[in-house]
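Everything below concerns the one structure shown next.
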Amino acid sequence: MSLVAIGINHKTATVDLREKVAFSPDSIHDAMKSLASRTRSGEAVILSTCNRTELYCNDAAAAEVIEWLADYHNLDLQELLGCIYQHEDLAAVKHLMRVAAGLDSLVLGEPQILGQVKQAFVKAKEAGTTALTIDRLFQNTFSVAKKVRTETEIGAAAVSVAFAAVSMAKHIFSSLKATKVLLIGAGETIELVAKHLKDNGVASIVVANRTLERAQAMCEAFDATAITLQQIPDFLPKADIVISSTASPLPILGKGMVEKALKTRRHQPMLLVDIAVPRDIEAQVGELDDAFLYTVDDLHSIIEQNMASRKEAAEQAELITEDQSLLFMEWLKSLESVDSIREYRSQSLAIKDELVERALNKLAQGGDNEQVILELANRLTNRLIHSPTQALTVASRQGDLNTLGQLRTALGLDKH
């Protein structure tokens with residue numbers, strides 16, 4: 001049992017598998033409660049984004065956590081094992097800190113992941129699946145991410161999935177000033193896309209969202225038009241570019257809807273960029289003539305071109321996460337030592353209380369005072385030295401001089 005982190009991300013799994021293990025906002029509360037029940041401490045946090053799904057647990061066995069993930073999503077365990085990574089204790093701590101600092105992201109140093117990690121932690125708090133260890137781990141992680149931002153140039157270059165999506169559009173259309181764009185969703189990623197589009201002088205932006213009020217609030221900042229998801233078929237034929245990022249468990253744009261829109265457009269080309277997991281746009285849309293569909297995986301080559309300026313900063317950031325993860329483990333070990341001392345003291349006092357009560361009962365029954373005291377001393381000594389004697393015997397028989405030396409020091413046999 002230990003602190004564990006298991007997951008899959010854009011490096012280890014395809015979009016197909018990532019969308020199978022993704023947790024929707026509606027299900028994540030109950031999922032964390034279910035996962036926490038598999039740990040001894042009841043502590044668990046689930047981080048689920050477009051590019052990764054990760055489970056963080058305290059006092060858990062990694063194998064049991066992986067089995068839970070496979071069972072929860074009705075996946076073949078062997079298929080999952082082929083793509084999953086797992087970290088324990090120090091490695092788990094360092095991994096979370098690297099993730100929050102943007103060092104493990106598709107876009108090196110992208111800032112959105114920190115907000116997503118914070119949101120995952122808040123949801124875990126609401127679900128009641130955090131306690132001392134996980135709470136301290138995540139609070140420390142947020143401090144580390146802030147330290148990386150302020151002490152390195154990791155965030156100097158404006159690169160993100162949103163930036164890459166707009167770069168893709170610029171590459172295909174050369175100029176975006178005459179284009180009309182339909183954005184689906186109104187979350188942080190789409191808001192960032194809208195900002196990049198506005199900076200590039202896009203002629204018209206329409207934002208479609210399940211909640212019209214949320215879309216309207218975002219549109220005010222970008223002089224855009226807000227519509228509902230139900231209105232998409234009316235606006236789709238006018239769109240030169242469609243960029244979608246929602247938390248919908250089912251596709252929003254199907255092949256039939258896009259095919260109909262292309263006919264209305266008289267087969268003028270349409271660029272569709274799907275940066276959602278699970279996917280918002282059916283994969284079959286890519287089969288249509290004049291429809292150019294790209295997913296988050298397709299943006300990888302664009303993103304790589306923007307990485308050079310961040311590599312030196314990333315090296316500095318790695319040192320920060322290395323140091324801070326070691327500091328956290330020192331705190332955790334100190335906590336464990338306090339627990340061990342408390343447990344050892346409690347055990348010794350219980351033995352004392354048991355034997356004293358037995359001695360008092362014998363005295364009350366008229367037992368010889370000297371004999372009762374001698375018997376108490378002998379029994380107490382034998383009970384207290386029983387476990388250390390066994391440990392010394394095993395170490396001696398196995399020739400384990402290191403353990404033997406530690407035991408002799410702990411028992412005061414070798415005083416320095």
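Chain labels follow the order of the structure tokens: the first chain is A, the next B, and so on; residue numbering restarts at 1 in every chain, and ligands are counted from 1 in their shown order.
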Item to check | Selection near range 241-251 of chain A, 7 Å with only C-alpha atoms, sequence-local residues under 2 positions removed, as a PyMOL selection string | outcome: chain A and resi 24+180-185+190+239+253-254+270-276+278-282
Item to check | In range 242-373 of chain A, DSSP strand (DSSP E) residues written as a list in words | outcome: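 Selection result, strand (DSSP E) within range 242-373 of chain A: Val242, Ile243, Ser244, Met270, Leu271, Leu272, Val273, Asp274, Ala291, Phe292, Leu293, Tyr294 and Thr295 of chain A.
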Near-Leu176 in chain A list (10 Å; only C-alpha atoms; drop same-chain fewer than 5 positions) as an mmCIF file with N, CA and C atoms, in the first residue's frame:
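That gives us out_3.cif:
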```
data_model
loop_
_atom_site.group_PDB
_atom_site.id
_atom_site.type_symbol
_atom_site.label_atom_id
_atom_site.label_comp_id
_atom_site.auth_asym_id
_atom_site.auth_seq_id
_atom_site.Cartn_x
_atom_site.Cartn_y
_atom_site.Cartn_z
ATOM 1 N N VAL A 166 -5.746 27.232 -33.989
ATOM 2 C CA VAL A 166 -5.815 28.456 -34.788
ATOM 3 C C VAL A 166 -4.662 28.496 -35.794
ATOM 4 N N ALA A 169 -5.641 26.530 -38.736
ATOM 5 C CA ALA A 169 -6.574 27.290 -39.585
ATOM 6 C C ALA A 169 -5.812 28.317 -40.428
ATOM 7 N N LYS A 170 -4.834 28.985 -39.821
ATOM 8 C CA LYS A 170 -4.047 29.985 -40.555
ATOM 9 C C LYS A 170 -3.241 29.332 -41.676
ATOM 10 N N HIS A 171 -2.752 28.131 -41.398
ATOM 11 C CA HIS A 171 -1.957 27.404 -42.395
ATOM 12 C C HIS A 171 -2.807 27.056 -43.625
ATOM 13 N N VAL A 181 -16.304 31.639 -38.434
ATOM 14 C CA VAL A 181 -15.937 30.528 -37.545
ATOM 15 C C VAL A 181 -17.106 30.153 -36.639
ATOM 16 N N LEU A 197 -8.394 33.783 -32.288
ATOM 17 C CA LEU A 197 -9.092 34.123 -33.533
ATOM 18 C C LEU A 197 -9.296 35.630 -33.650
ATOM 19 N N LYS A 198 -9.696 36.224 -32.548
ATOM 20 C CA LYS A 198 -9.933 37.669 -32.543
ATOM 21 C C LYS A 198 -8.634 38.408 -32.823
ATOM 22 N N ASN A 200 -6.347 37.443 -34.640
ATOM 23 C CA ASN A 200 -6.033 37.260 -36.061
ATOM 24 C C ASN A 200 -7.078 37.895 -36.984
ATOM 25 N N GLY A 201 -7.980 38.676 -36.420
ATOM 26 C CA GLY A 201 -8.920 39.456 -37.213
ATOM 27 C C GLY A 201 -10.014 38.683 -37.913
ATOM 28 N N VAL A 202 -10.453 37.570 -37.337
ATOM 29 C CA VAL A 202 -11.538 36.779 -37.936
ATOM 30 C C VAL A 202 -12.783 37.640 -38.118
ATOM 31 N N ALA A 203 -13.453 37.485 -39.262
ATOM 32 C CA ALA A 203 -14.600 38.333 -39.608
ATOM 33 C C ALA A 203 -15.811 38.071 -38.726
ATOM 34 N N SER A 204 -16.107 36.798 -38.461
ATOM 35 C CA SER A 204 -17.339 36.457 -37.740
ATOM 36 C C SER A 204 -17.124 35.229 -36.871
ATOM 37 N N ASP A 240 -16.741 28.524 -42.283
ATOM 38 C CA ASP A 240 -15.542 28.054 -42.995
ATOM 39 C C ASP A 240 -14.692 27.192 -42.072
ATOM 40 N N ILE A 241 -14.735 27.529 -40.791
ATOM 41 C CA ILE A 241 -13.938 26.818 -39.789
ATOM 42 C C ILE A 241 -14.848 26.437 -38.618
#
```
Checklist outcome for this item: A straight line from CA of Leu392 in chain A to CA of Leu411 in chain A spans 10.2 Å
Checklist entry - Which residue, A:Gly366, A:Gly42, A:Gly115, A:Gly7, has the smallest gap to Tyr85 in chain A when you use only C-alpha atoms? => result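 Of A:Gly366, A:Gly42, A:Gly115, A:Gly7, the one nearest Tyr85 in chain A, counting only C-alpha atoms, is A:Gly7.
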Next on the checklist: Report as number ranges by chain all protein, DNA and RNA residues lying within 8 Å of Ser325 in chain A, evaluated on only C-alpha atoms, omitting residues in the same chain fewer than 6 positions from it.
Outcome noted: A: 90, 93-94, 97
Checklist entry - For Asn9 in chain A, which of A:Leu212, A:Ala395, A:Ala124, A:Cys50 is the closest residue, counting only C-alpha atoms? => result A:Cys50
Item to check | Nearest residue to Glu322 in chain A from the set A:Thr39, A:Thr141, A:Gln284, A:Thr14 (distances using only C-alpha atoms) | outcome: A:Thr141
Next on the checklist: Under the rule that only C-alpha atoms are counted, which of A:Leu3, A:Ala70, A:Val107, A:Ala127 is the nearest residue to His29 in chain A?
Outcome noted: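 The answer is A:Ala127, which sits nearest to His29 in chain A.
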Checklist entry - From the list A:Lys255, A:Arg310, A:Arg397, A:Lys263, which residue is nearest Leu293 in chain A when using only C-alpha atoms? => result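 Selected residue with least distance to Leu293 in chain A: A:Lys255.
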